[in-house]
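Data from input17.cif: mmCIF, C-alpha atoms and all ligand atoms
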data_my_file
loop_
_atom_site.label_atom_id
_atom_site.label_comp_id
_atom_site.auth_asym_id
_atom_site.auth_seq_id
_atom_site.Cartn_x
_atom_site.Cartn_y
_atom_site.Cartn_z
CA MET A 19 -30.54 178.68 -75.00
CA ALA A 20 -31.15 182.11 -73.44
CA LYS A 21 -34.02 182.59 -70.99
CA ILE A 22 -36.51 184.89 -72.68
CA ASP A 23 -38.95 186.49 -70.22
CA ASN A 24 -42.57 187.23 -71.11
CA ILE A 25 -42.04 190.95 -71.68
CA LEU A 26 -39.23 190.28 -74.15
CA LEU A 27 -41.18 187.49 -75.84
CA LYS A 28 -44.18 189.78 -76.37
CA SER A 29 -41.88 192.44 -77.82
CA LYS A 30 -40.36 189.82 -80.14
CA PHE A 31 -43.84 188.81 -81.41
CA ARG A 32 -44.46 192.47 -82.28
CA GLY A 33 -40.96 192.87 -83.75
CA CYS A 34 -41.35 189.85 -86.01
CA LEU A 35 -44.71 190.89 -87.48
CA LEU A 36 -43.75 194.57 -87.76
CA GLY A 37 -40.48 193.52 -89.44
CA ALA A 38 -42.43 191.46 -91.98
CA LEU A 39 -44.78 194.41 -92.64
CA LEU A 40 -42.00 196.98 -92.96
CA GLY A 41 -39.95 194.86 -95.39
CA ASP A 42 -43.02 194.32 -97.55
CA CYS A 43 -44.15 197.98 -97.57
CA LEU A 44 -40.71 199.50 -98.17
CA GLY A 45 -39.56 196.79 -100.59
CA ALA A 46 -42.70 196.79 -102.77
CA PRO A 47 -41.87 199.89 -104.90
CA PHE A 48 -38.60 198.21 -106.00
CA GLU A 49 -39.99 194.72 -106.74
CA GLY A 50 -38.66 193.30 -110.00
CA GLU A 51 -35.92 195.94 -110.38
CA ALA A 52 -32.28 195.14 -110.99
CA MET A 53 -30.37 197.39 -108.58
CA THR A 54 -27.61 199.53 -110.14
CA SER A 55 -25.10 201.61 -108.13
CA GLY A 56 -27.27 204.65 -108.94
CA GLY A 57 -30.30 202.75 -107.72
CA LYS A 58 -28.52 202.00 -104.45
CA LEU A 59 -27.93 205.73 -103.90
CA VAL A 60 -31.61 206.42 -104.56
CA LEU A 61 -32.44 203.70 -102.03
CA GLN A 62 -30.11 205.23 -99.44
CA LYS A 63 -31.81 208.63 -99.86
CA TYR A 64 -35.25 206.99 -99.74
CA PHE A 65 -34.43 205.37 -96.40
CA ASP A 66 -32.74 208.51 -94.99
CA LYS A 67 -35.77 210.58 -95.89
CA LEU A 68 -38.30 208.12 -94.45
CA ASP A 69 -36.21 207.64 -91.31
CA GLY A 70 -35.71 211.39 -90.84
CA PRO A 71 -37.90 213.65 -88.70
CA TYR A 72 -39.39 215.91 -91.36
CA PHE A 73 -40.70 213.55 -94.01
CA ARG A 74 -44.47 213.38 -94.23
CA ALA A 75 -45.00 210.55 -96.67
CA PRO A 76 -48.15 209.04 -98.02
CA VAL A 77 -48.81 205.65 -96.52
CA LYS A 78 -46.68 202.83 -97.93
CA LYS A 79 -49.06 200.09 -99.03
CA TYR A 80 -48.57 196.44 -98.14
CA THR A 81 -48.82 193.65 -100.73
CA ASP A 82 -49.85 189.97 -100.91
CA ASP A 83 -47.05 189.05 -98.47
CA THR A 84 -48.79 190.91 -95.63
CA ALA A 85 -52.31 190.10 -96.82
CA MET A 86 -51.57 186.37 -96.48
CA THR A 87 -49.60 186.76 -93.22
CA LYS A 88 -52.64 188.54 -91.73
CA SER A 89 -54.85 185.58 -92.72
CA VAL A 90 -52.52 183.03 -91.12
CA ALA A 91 -52.45 185.07 -87.90
CA LYS A 92 -56.23 185.58 -87.87
CA CYS A 93 -56.79 181.86 -88.28
CA LEU A 94 -54.52 181.06 -85.31
CA ILE A 95 -56.16 183.75 -83.15
CA ASP A 96 -59.72 182.70 -83.97
CA LYS A 97 -59.09 178.93 -84.00
CA PRO A 98 -56.03 178.09 -81.87
CA ALA A 99 -56.49 174.36 -82.60
CA VAL A 100 -55.33 175.31 -86.13
CA ASP A 101 -57.99 174.79 -88.73
CA PHE A 102 -56.44 174.68 -92.21
CA LYS A 103 -59.82 174.87 -93.96
CA CYS A 104 -60.40 178.14 -92.12
CA MET A 105 -56.96 179.29 -93.31
CA ALA A 106 -57.79 178.45 -96.94
CA ARG A 107 -61.09 180.32 -96.65
CA LEU A 108 -59.33 183.36 -95.18
CA PHE A 109 -56.73 183.43 -98.01
CA VAL A 110 -59.54 183.40 -100.57
CA LYS A 111 -61.68 185.94 -98.70
CA GLU A 112 -58.73 188.31 -98.36
CA TYR A 113 -57.81 187.94 -102.04
CA PHE A 114 -61.33 188.63 -103.35
CA ALA A 115 -61.80 191.54 -100.94
CA ASP A 116 -58.66 193.20 -102.33
CA PRO A 117 -57.19 191.43 -105.37
CA ARG A 118 -54.86 194.28 -106.35
CA ARG A 119 -52.11 193.50 -103.89
CA GLY A 120 -49.64 192.03 -106.40
CA TYR A 121 -50.38 188.30 -105.92
CA GLY A 122 -48.37 185.65 -107.79
CA GLN A 123 -49.81 184.92 -111.23
CA ASN A 124 -50.60 181.28 -110.63
CA VAL A 125 -51.74 181.32 -107.03
CA VAL A 126 -54.85 183.18 -108.17
CA ASP A 127 -55.92 180.00 -110.05
CA VAL A 128 -55.74 178.15 -106.75
CA PHE A 129 -58.01 180.74 -105.08
CA ASN A 130 -60.54 180.48 -107.91
CA LYS A 131 -60.57 176.69 -107.76
CA LEU A 132 -60.86 176.65 -103.97
CA ARG A 133 -63.85 178.96 -104.15
CA GLY A 134 -65.39 177.08 -107.09
CA SER A 135 -65.11 173.72 -105.29
CA LYS A 136 -66.50 175.18 -102.05
CA PHE A 137 -63.27 174.15 -100.28
CA GLU A 138 -64.13 170.46 -100.61
CA ASP A 139 -60.46 169.36 -100.74
CA ILE A 140 -58.26 172.29 -99.74
CA TYR A 141 -55.05 170.69 -101.10
CA LYS A 142 -56.29 169.53 -104.53
CA PRO A 143 -56.13 172.84 -106.46
CA ALA A 144 -52.50 173.45 -105.43
CA GLN A 145 -51.52 169.85 -106.28
CA GLU A 146 -52.80 170.41 -109.83
CA GLN A 147 -50.64 173.51 -110.43
CA PHE A 148 -47.86 173.39 -113.04
CA GLY A 149 -48.97 170.08 -114.54
CA GLY A 150 -49.05 168.40 -111.14
CA MET A 151 -45.60 169.63 -110.02
CA GLY A 152 -47.04 172.26 -107.69
CA SER A 153 -45.67 175.78 -107.20
CA TYR A 154 -42.12 176.37 -106.00
CA GLY A 155 -42.78 180.09 -105.52
CA ASN A 156 -41.97 181.85 -102.24
CA GLY A 157 -45.65 182.50 -101.46
CA GLY A 158 -45.66 179.81 -98.75
CA ALA A 159 -42.47 181.06 -97.09
CA MET A 160 -43.51 184.74 -97.12
CA ARG A 161 -46.48 184.12 -94.77
CA VAL A 162 -45.11 181.68 -92.13
CA ALA A 163 -44.14 184.19 -89.42
CA PRO A 164 -47.33 183.79 -87.32
CA LEU A 165 -46.88 179.99 -87.30
CA ALA A 166 -43.24 180.24 -86.17
CA LEU A 167 -44.36 182.59 -83.36
CA TYR A 168 -47.35 180.54 -82.28
CA PHE A 169 -45.35 177.27 -82.20
CA HIS A 170 -42.15 178.80 -80.79
CA ASN A 171 -41.93 176.17 -78.03
CA ASN A 172 -43.20 173.25 -80.12
CA TYR A 173 -40.78 172.47 -82.96
CA LYS A 174 -42.63 169.37 -84.20
CA GLY A 175 -45.95 171.20 -84.15
CA MET A 176 -44.43 174.05 -86.14
CA ILE A 177 -43.04 171.72 -88.82
CA GLU A 178 -46.42 170.00 -89.23
CA ALA A 179 -48.42 173.23 -89.26
CA VAL A 180 -46.10 175.03 -91.71
CA THR A 181 -46.21 172.01 -94.05
CA HIS A 182 -50.02 171.95 -94.08
CA ALA A 183 -50.40 175.73 -94.32
CA THR A 184 -48.00 175.88 -97.27
CA LYS A 185 -49.59 173.01 -99.16
CA ILE A 186 -52.86 174.96 -99.48
CA THR A 187 -51.15 176.87 -102.31
CA HIS A 188 -47.64 175.39 -102.81
CA THR A 189 -47.11 171.63 -102.99
CA ASN A 190 -43.72 171.49 -104.74
CA LYS A 191 -41.04 170.20 -102.33
CA LEU A 192 -38.99 173.35 -102.92
CA GLY A 193 -41.91 175.59 -101.97
CA VAL A 194 -42.67 173.61 -98.80
CA ASN A 195 -39.04 173.21 -97.68
CA GLY A 196 -38.41 176.94 -98.23
CA ALA A 197 -41.35 177.75 -95.95
CA LEU A 198 -39.96 175.33 -93.33
CA LEU A 199 -36.49 176.90 -93.49
CA GLN A 200 -37.94 180.40 -93.08
CA ALA A 201 -40.01 179.28 -90.06
CA ILE A 202 -36.99 177.57 -88.47
CA ALA A 203 -34.87 180.74 -88.91
CA ILE A 204 -37.58 182.84 -87.22
CA GLN A 205 -37.91 180.35 -84.36
CA GLN A 206 -34.14 180.26 -83.76
CA SER A 207 -34.02 184.07 -83.73
CA LEU A 208 -36.96 184.35 -81.37
CA LEU A 209 -35.23 182.16 -78.79
CA MET A 210 -31.99 184.19 -78.74
CA ASP A 211 -31.25 187.12 -76.43
CA PRO A 212 -30.87 190.32 -78.51
CA VAL A 213 -28.11 191.65 -76.25
CA ASP A 214 -25.90 188.71 -77.29
CA LYS A 215 -23.79 188.82 -80.43
CA ILE A 216 -25.01 186.17 -82.86
CA ASP A 217 -22.67 183.23 -83.36
CA VAL A 218 -23.19 183.08 -87.14
CA GLU A 219 -21.48 179.71 -87.58
CA HIS A 220 -23.58 178.12 -84.84
CA PHE A 221 -26.78 179.69 -86.18
CA THR A 222 -26.19 178.42 -89.73
CA ASN A 223 -24.99 174.98 -88.55
CA GLN A 224 -28.24 174.63 -86.60
CA LEU A 225 -30.21 175.46 -89.76
CA ILE A 226 -28.24 172.88 -91.76
CA ASP A 227 -28.73 170.20 -89.09
CA LYS A 228 -32.49 170.77 -89.01
CA MET A 229 -32.73 170.77 -92.81
CA LYS A 230 -30.97 167.35 -92.84
CA ASP A 231 -34.13 165.82 -91.34
CA ILE A 232 -36.37 167.63 -93.79
CA GLU A 233 -34.38 167.39 -97.01
CA THR A 234 -33.27 163.83 -97.63
CA VAL A 235 -31.88 161.85 -100.58
CA GLU A 236 -34.59 159.95 -102.42
CA GLU A 237 -33.67 156.38 -103.40
CA ASP A 238 -34.78 156.75 -107.03
CA ASP A 239 -32.76 159.96 -107.47
CA GLU A 240 -29.38 158.26 -107.18
CA ASP A 241 -28.27 159.58 -110.57
CA ILE A 242 -28.79 163.21 -109.56
CA ASN A 243 -25.81 164.87 -107.92
CA ILE A 244 -26.04 165.48 -104.20
CA GLU A 245 -26.11 169.32 -104.45
CA ASP A 246 -29.24 169.14 -106.60
CA GLN A 247 -30.86 166.61 -104.30
CA LEU A 248 -30.23 168.70 -101.19
CA PRO A 249 -30.62 172.22 -102.62
CA TYR A 250 -31.34 174.08 -99.37
CA GLN A 251 -28.43 172.49 -97.52
CA THR A 252 -26.21 173.35 -100.48
CA LYS A 253 -27.41 176.98 -100.39
CA LEU A 254 -26.86 177.19 -96.63
CA LYS A 255 -23.28 175.99 -97.08
CA ALA A 256 -22.78 178.58 -99.84
CA MET A 257 -24.15 181.17 -97.40
CA GLN A 258 -21.60 180.14 -94.76
CA GLU A 259 -18.83 180.74 -97.29
CA LEU A 260 -20.23 184.16 -98.20
CA LEU A 261 -20.45 185.14 -94.54
CA THR A 262 -16.77 184.43 -94.00
CA ALA A 263 -15.52 185.75 -97.37
CA GLU A 264 -13.34 188.84 -97.73
CA GLU A 265 -15.52 191.94 -98.19
CA SER A 266 -13.69 192.81 -101.42
CA ASP A 267 -14.85 189.50 -102.97
CA LEU A 268 -18.50 190.13 -102.15
CA SER A 269 -20.09 192.04 -105.02
CA ASP A 270 -23.90 192.06 -105.09
CA THR A 271 -23.76 190.10 -108.34
CA TYR A 272 -21.69 187.42 -106.60
CA VAL A 273 -24.19 187.19 -103.75
CA ILE A 274 -27.15 187.03 -106.15
CA THR A 275 -25.44 184.41 -108.33
CA ASN A 276 -24.81 182.21 -105.30
CA LEU A 277 -28.06 182.71 -103.38
CA GLY A 278 -30.61 184.27 -105.78
CA ASN A 279 -33.03 187.20 -105.54
CA ASN A 280 -36.04 185.83 -107.36
CA ILE A 281 -39.62 184.75 -106.79
CA SER A 282 -38.76 181.07 -106.12
CA ALA A 283 -38.48 179.89 -102.51
CA LEU A 284 -35.01 178.46 -103.19
CA GLY A 285 -33.88 181.74 -104.75
CA SER A 286 -35.12 183.92 -101.88
CA VAL A 287 -35.37 182.25 -98.43
CA PRO A 288 -31.59 181.60 -98.03
CA THR A 289 -31.01 185.17 -99.30
CA ALA A 290 -33.32 186.61 -96.63
CA ILE A 291 -31.49 184.68 -93.89
CA TYR A 292 -28.15 185.83 -95.31
CA CYS A 293 -29.29 189.50 -95.26
CA PHE A 294 -30.20 189.18 -91.58
CA LEU A 295 -26.86 187.61 -90.63
CA LYS A 296 -24.77 189.90 -92.86
CA ALA A 297 -26.46 192.99 -91.36
CA GLN A 298 -25.16 192.13 -87.88
CA SER A 299 -22.04 194.09 -88.91
CA GLU A 300 -21.59 197.13 -91.13
CA ILE A 301 -22.08 196.58 -94.87
CA PRO A 302 -20.21 198.73 -97.41
CA GLY A 303 -22.61 200.98 -99.32
CA ILE A 304 -25.40 200.69 -96.71
CA LYS A 305 -25.37 203.62 -94.28
CA ALA A 306 -27.55 202.55 -91.37
CA ASP A 307 -26.58 202.44 -87.68
CA ASN A 308 -29.44 200.26 -86.63
CA THR A 309 -29.13 196.54 -87.52
CA PHE A 310 -32.85 196.26 -88.17
CA ARG A 311 -32.86 199.03 -90.78
CA ARG A 312 -29.58 197.68 -92.22
CA THR A 313 -31.19 194.23 -92.73
CA ILE A 314 -34.16 195.64 -94.66
CA GLN A 315 -32.16 198.21 -96.65
CA TYR A 316 -29.56 195.60 -97.63
CA ALA A 317 -32.25 193.09 -98.67
CA ILE A 318 -33.88 195.70 -100.94
CA SER A 319 -30.49 196.78 -102.31
CA LEU A 320 -30.03 193.31 -103.85
CA GLY A 321 -33.00 193.97 -106.17
CA GLY A 322 -35.33 191.31 -107.61
CA ASP A 323 -38.11 190.10 -105.29
CA THR A 324 -37.46 192.99 -102.89
CA ASP A 325 -40.76 193.09 -100.99
CA THR A 326 -40.66 189.39 -100.19
CA ILE A 327 -36.95 189.06 -99.38
CA ALA A 328 -37.06 192.22 -97.22
CA SER A 329 -40.24 191.00 -95.51
CA MET A 330 -38.74 187.58 -94.70
CA ALA A 331 -35.43 189.13 -93.56
CA GLY A 332 -37.35 191.74 -91.53
CA SER A 333 -39.40 189.09 -89.74
CA ILE A 334 -36.24 187.21 -88.72
CA ALA A 335 -34.52 190.43 -87.58
CA GLY A 336 -37.64 191.56 -85.68
CA ALA A 337 -37.95 188.16 -83.99
CA PHE A 338 -34.37 188.49 -82.78
CA LEU A 339 -34.35 192.15 -81.78
CA GLY A 340 -37.91 192.82 -80.61
CA GLU A 341 -40.06 195.89 -81.20
CA GLU A 342 -37.76 198.31 -79.32
CA TYR A 343 -35.09 198.11 -82.01
CA ILE A 344 -37.43 198.90 -84.91
CA ASN A 345 -37.11 202.48 -86.17
CA GLU A 346 -40.39 204.13 -85.21
CA SER A 347 -39.87 206.74 -87.91
CA LEU A 348 -39.82 203.99 -90.56
CA ILE A 349 -42.66 201.83 -89.33
CA LYS A 350 -45.03 204.78 -88.95
CA HIS A 351 -45.12 205.09 -92.76
CA CYS A 352 -46.64 201.62 -93.19
CA GLU A 353 -50.29 200.89 -93.82
CA PHE A 354 -51.70 198.49 -91.14
CA GLN A 355 -48.95 199.35 -88.63
CA LYS A 356 -51.23 199.90 -85.62
CA GLU A 357 -53.39 196.90 -86.50
CA MET A 358 -50.31 194.67 -86.82
CA ILE A 359 -49.36 195.44 -83.20
CA GLU A 360 -52.83 194.31 -82.14
CA VAL A 361 -52.48 191.13 -84.23
CA ALA A 362 -49.10 190.39 -82.59
CA ASP A 363 -50.53 190.92 -79.09
CA ASN A 364 -53.56 188.72 -79.77
CA LEU A 365 -51.32 186.02 -81.22
CA TYR A 366 -49.06 186.22 -78.17
CA ALA A 367 -52.11 185.84 -75.88
CA VAL A 368 -53.39 182.69 -77.66
CA ALA A 369 -49.88 181.21 -77.83
CA GLU A 370 -49.44 181.71 -74.07
CA ASP A 371 -52.90 180.22 -73.33
CA THR A 372 -52.08 177.18 -75.44
CA LYS A 373 -48.70 176.81 -73.69
CA GLU A 374 -50.42 176.97 -70.26
CA ALA A 375 -53.01 174.38 -71.31
CA LEU A 376 -50.26 172.08 -72.62
CA LEU A 377 -48.23 172.36 -69.40
CA ARG A 378 -51.32 171.72 -67.30
CA LYS A 379 -52.15 168.63 -69.38
CA ARG A 380 -48.58 167.38 -69.15
CA TYR A 381 -47.86 168.04 -65.47
CA GLY A 382 -51.37 168.19 -63.93
CA HIS A 383 -51.58 169.71 -60.43
CA LEU A 384 -47.75 169.81 -60.12
CA TYR A 385 -47.78 172.63 -62.64
CA PHE A 386 -49.32 174.99 -60.07
CA PHE A 387 -46.42 174.65 -57.55
N1 LIG B 1 -46.38 188.49 -107.96
C1 LIG B 1 -45.54 189.22 -107.46
N2 LIG B 1 -44.88 190.14 -108.19
C2 LIG B 1 -45.18 190.37 -109.57
C3 LIG B 1 -45.35 191.84 -109.84
C4 LIG B 1 -46.33 192.48 -108.93
C5 LIG B 1 -46.53 193.90 -109.35
N3 LIG B 1 -45.57 194.74 -108.69
C6 LIG B 1 -47.94 194.29 -109.05
O1 LIG B 1 -48.12 195.13 -108.17
O2 LIG B 1 -48.84 193.76 -109.67
N4 LIG B 1 -45.20 189.14 -106.16
C7 LIG B 1 -45.76 188.23 -105.25
O3 LIG B 1 -45.58 186.92 -105.79
C8 LIG B 1 -44.55 186.20 -105.09
C9 LIG B 1 -45.18 185.02 -104.44
O4 LIG B 1 -45.72 184.23 -105.45
P1 LIG B 1 -46.45 182.87 -105.13
O5 LIG B 1 -47.51 183.11 -104.12
O6 LIG B 1 -45.46 181.85 -104.83
O7 LIG B 1 -47.18 182.63 -106.51
P2 LIG B 1 -47.12 181.47 -107.62
O8 LIG B 1 -47.98 181.97 -108.71
O9 LIG B 1 -47.47 180.16 -107.02
O10 LIG B 1 -45.59 181.40 -108.05
C10 LIG B 1 -44.93 182.53 -108.52
C11 LIG B 1 -44.29 182.28 -109.88
O11 LIG B 1 -43.24 181.34 -109.78
C12 LIG B 1 -43.15 180.58 -110.98
N5 LIG B 1 -43.32 179.12 -110.63
C13 LIG B 1 -43.68 178.63 -109.42
N6 LIG B 1 -43.71 177.26 -109.48
C14 LIG B 1 -43.36 176.91 -110.71
C15 LIG B 1 -43.23 175.64 -111.37
N7 LIG B 1 -43.43 174.46 -110.74
N8 LIG B 1 -42.82 175.66 -112.67
C16 LIG B 1 -42.62 176.83 -113.33
N9 LIG B 1 -42.74 178.06 -112.75
C17 LIG B 1 -43.10 178.10 -111.47
C18 LIG B 1 -44.25 181.08 -111.89
O12 LIG B 1 -43.74 182.06 -112.74
C19 LIG B 1 -45.25 181.69 -110.90
O13 LIG B 1 -46.08 182.66 -111.47
C20 LIG B 1 -43.96 187.18 -104.11
O14 LIG B 1 -42.83 187.79 -104.67
C21 LIG B 1 -45.06 188.18 -103.91
O15 LIG B 1 -44.55 189.44 -103.53
MG MG B 2 -45.72 190.99 -102.64
MG MG B 3 -42.49 189.71 -103.88
#
Could you rewrite the structure in this file as structure tokens?
Amino acid sequence: MAKIDNILLKSKFRGCLLGALLGDCLGAPFEGEAMTSGGKLVLQKYFDKLDGPYFRAPVKKYTDDTAMTKSVAKCLIDKPAVDFKCMARLFVKEYFADPRRGYGQNVVDVFNKLRGSKFEDIYKPAQEQFGGMGSYGNGGAMRVAPLALYFHNNYKGMIEAVTHATKITHTNKLGVNGALLQAIAIQQSLLMDPVDKIDVEHFTNQLIDKMKDIETVEEDDEDINIEDQLPYQTKLKAMQELLTAEESDLSDTYVITNLGNNISALGSVPTAIYCFLKAQSEIPGIKADNTFRRTIQYAISLGGDTDTIASMAGSIAGAFLGEEYINESLIKHCEFQKEMIEVADNLYAVAEDTKEALLRKRYGHLYFF
């Protein structure tokens, strides 16, 4: 593992949260669209214009993805011991303060029930969703970035915290495991040196190995085939094949058929990771020199749940590259851009304090020498 100094780590905190914001703001106008070749040209012009020096655009608004990410970060900053009741209250407060941010249809029921029950049991409303199956939407995965940052040096802590934070709204195994995969991808990216070329095979093998502990075969599911029992590992293997396939075999339809571009966690988290890895080299039809912009533009070019897939891909890319690689001309168009830098810095400060306290507890006076 590369040695990441404090200056780079702080820049990566900013990069990750700005990447999430940018993907959400720029992807939102295309959410739900199927992307045609004409649409891809429009997208190219949209990015060129925003990225150029003369474009004075109105502010690009953020959606529920950023609204919920902000709440997770605020909770960690205000209560570093991680208080999930506080997190549930912040989700609800944020929603009722500004409900027109394009929230998922069903998650709003959870907010109403949480408020109505005065937060007595913060997991009950989500458990009752979809006849007791819980939501498998990507709403848990889209907001995990602050947790991956805060717990960057505590893998076990991250897994526990992401699981609890997700279950406030999404209790279906697919929703929770998607959030875990997204957090793991951010954490892996954060700990890599951005001057190094990514070893894609190693990166994806690490993801598969970690998912083996999370996604296991249930005894009473013996009749179900293994691919369906281990859906994220199956998708990650499909992703490895796509990443080594001949370019001529890789139509967008083929990518979408294999990985998905929809509102479910399974149909979007692996896609976001794929966009990040694919954008490490040039992509036909996407004219962008900078790998950060290429990641976001490519994610949006696949259509479907564009704000969320671009936001998740942007947070992974930003965690790898750091703030310096993010196009200033693009990010300046986003609502909440300045505030997000402050959030990232405050989160970095509490994460460092917690790390210090942990080291002091573990090594006592020896820590000071
Ligand atoms: N909601 C949207 N986009 C819709 C259009 C917005 C429009 N542009 C506007 O501005 O108004 N986007 C946001 O929602 C996604 C995250 O959703 P989340 O938080 O997971 O919500 P929910 O309601 O829990 O799940 C979403 C849908 O998934 C289906 N679903 C989930 N679990 C299911 C289950 N067990 N069985 C059957 N269906 C299930 C349902 O259709 C849910 O409504 C992000 O894209 C965010 O940007
Ligand atoms: Mg959204
Ligand atoms: Mg979305």
- Item | Neighbour residues at most 12 Å from (-39.2, 174.0, -98.6) (all atoms listed in the file) as a VMD selection string | chain A and resid 153 to 160 162 177 180 to 182 184 to 185 188 to 202 229 232 to 234 248 to 251 282 to 288
Using only C-alpha atoms and all ligand atoms, which of A:Gly45, A:Gly134, A:Pro117, A:Gly149 sits nearest ligand MG 3 (chain B)?
->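 Residue with the minimum atom-to-atom distance to ligand MG 3 (chain B): A:Gly45.
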Env. residues ligand MG 2 (chain B) / 10 Å / only C-alpha atoms and all ligand atoms / as a PyMOL selection string:
chain A and resi 42-43+45-47+49+80-86+119-122+156-157+160+281+323-327+329
Write to file, as a CSV table (one decimal), in the frame of the given file, the residues of the selection just made, with C-alpha atoms.
chain,number,residue,atom,x,y,z
A,42,ASP,CA,-43.0,194.3,-97.6
A,43,CYS,CA,-44.2,198.0,-97.6
A,45,GLY,CA,-39.6,196.8,-100.6
A,46,ALA,CA,-42.7,196.8,-102.8
A,47,PRO,CA,-41.9,199.9,-104.9
A,49,GLU,CA,-40.0,194.7,-106.7
A,80,TYR,CA,-48.6,196.4,-98.1
A,81,THR,CA,-48.8,193.6,-100.7
A,82,ASP,CA,-49.8,190.0,-100.9
A,83,ASP,CA,-47.0,189.0,-98.5
A,84,THR,CA,-48.8,190.9,-95.6
A,85,ALA,CA,-52.3,190.1,-96.8
A,86,MET,CA,-51.6,186.4,-96.5
A,119,ARG,CA,-52.1,193.5,-103.9
A,120,GLY,CA,-49.6,192.0,-106.4
A,121,TYR,CA,-50.4,188.3,-105.9
A,122,GLY,CA,-48.4,185.6,-107.8
A,156,ASN,CA,-42.0,181.8,-102.2
A,157,GLY,CA,-45.6,182.5,-101.5
A,160,MET,CA,-43.5,184.7,-97.1
A,281,ILE,CA,-39.6,184.8,-106.8
A,323,ASP,CA,-38.1,190.1,-105.3
A,324,THR,CA,-37.5,193.0,-102.9
A,325,ASP,CA,-40.8,193.1,-101.0
A,326,THR,CA,-40.7,189.4,-100.2
A,327,ILE,CA,-37.0,189.1,-99.4
A,329,SER,CA,-40.2,191.0,-95.5
For ligand LIG 1 (chain B), what centre and edge lengths in Å (one decimal) does the axis-aligned box get once 8 Å is added on each side of all its listed atoms, as AutoDock Vina command-line options?
--center_x -45.7 --center_y 184.8 --center_z -108.4 --size_x 22.2 --size_y 36.7 --size_z 25.8
As a check of understanding: the span from atom O3 of ligand LIG 1 (chain B) to atom CA of A:Leu167 is 22.9 Å
| said: I want to know what sits within 7 Å of stretch 50-61 of chain A, based on only C-alpha atoms, with residues of the same chain fewer than 6 positions away left out; could you give that as a list in words? | reply: Ser319, Leu320, Gly321, Gly322 and Asp323 of chain A
_So, with all atoms listed in the file as the atoms that count, which of A:Leu260, A:Val273, A:Ile318, A:Ala91 lies closest to ligand MG 3 (chain B)?_
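With all atoms listed in the file as the atom set, the closest residue is A:Ile318.
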Item to complete: For atom CA of A:Ala290 and atom CA of A:Ala317, determine how far apart the two atoms are, in Å to one decimal place.
Response: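 One can read the atom CA of A:Ala290 to atom CA of A:Ala317 distance as 6.9 Å.
Candidate residues A:Gly70, A:Pro98, A:Gly41, A:Gly303 were compared for distance to ligand LIG 1 (chain B), and the nearest is A:Gly41, using all atoms listed in the file.
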Students should find that atom CA of A:Lys373 and atom CA of A:Ala38 are spaced 24.3 Å
Using only C-alpha atoms, the residue out of A:Tyr272, A:Phe310, A:Phe169, A:Phe354 with shortest distance to A:Lys78 is A:Phe354
For ligand LIG 1 (chain B), the nearest of the candidates A:Thr262, A:Gln224, A:Thr372, A:Thr87, counting only C-alpha atoms and all ligand atoms |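 So, comparing all the options, the nearest one is A:Thr87.
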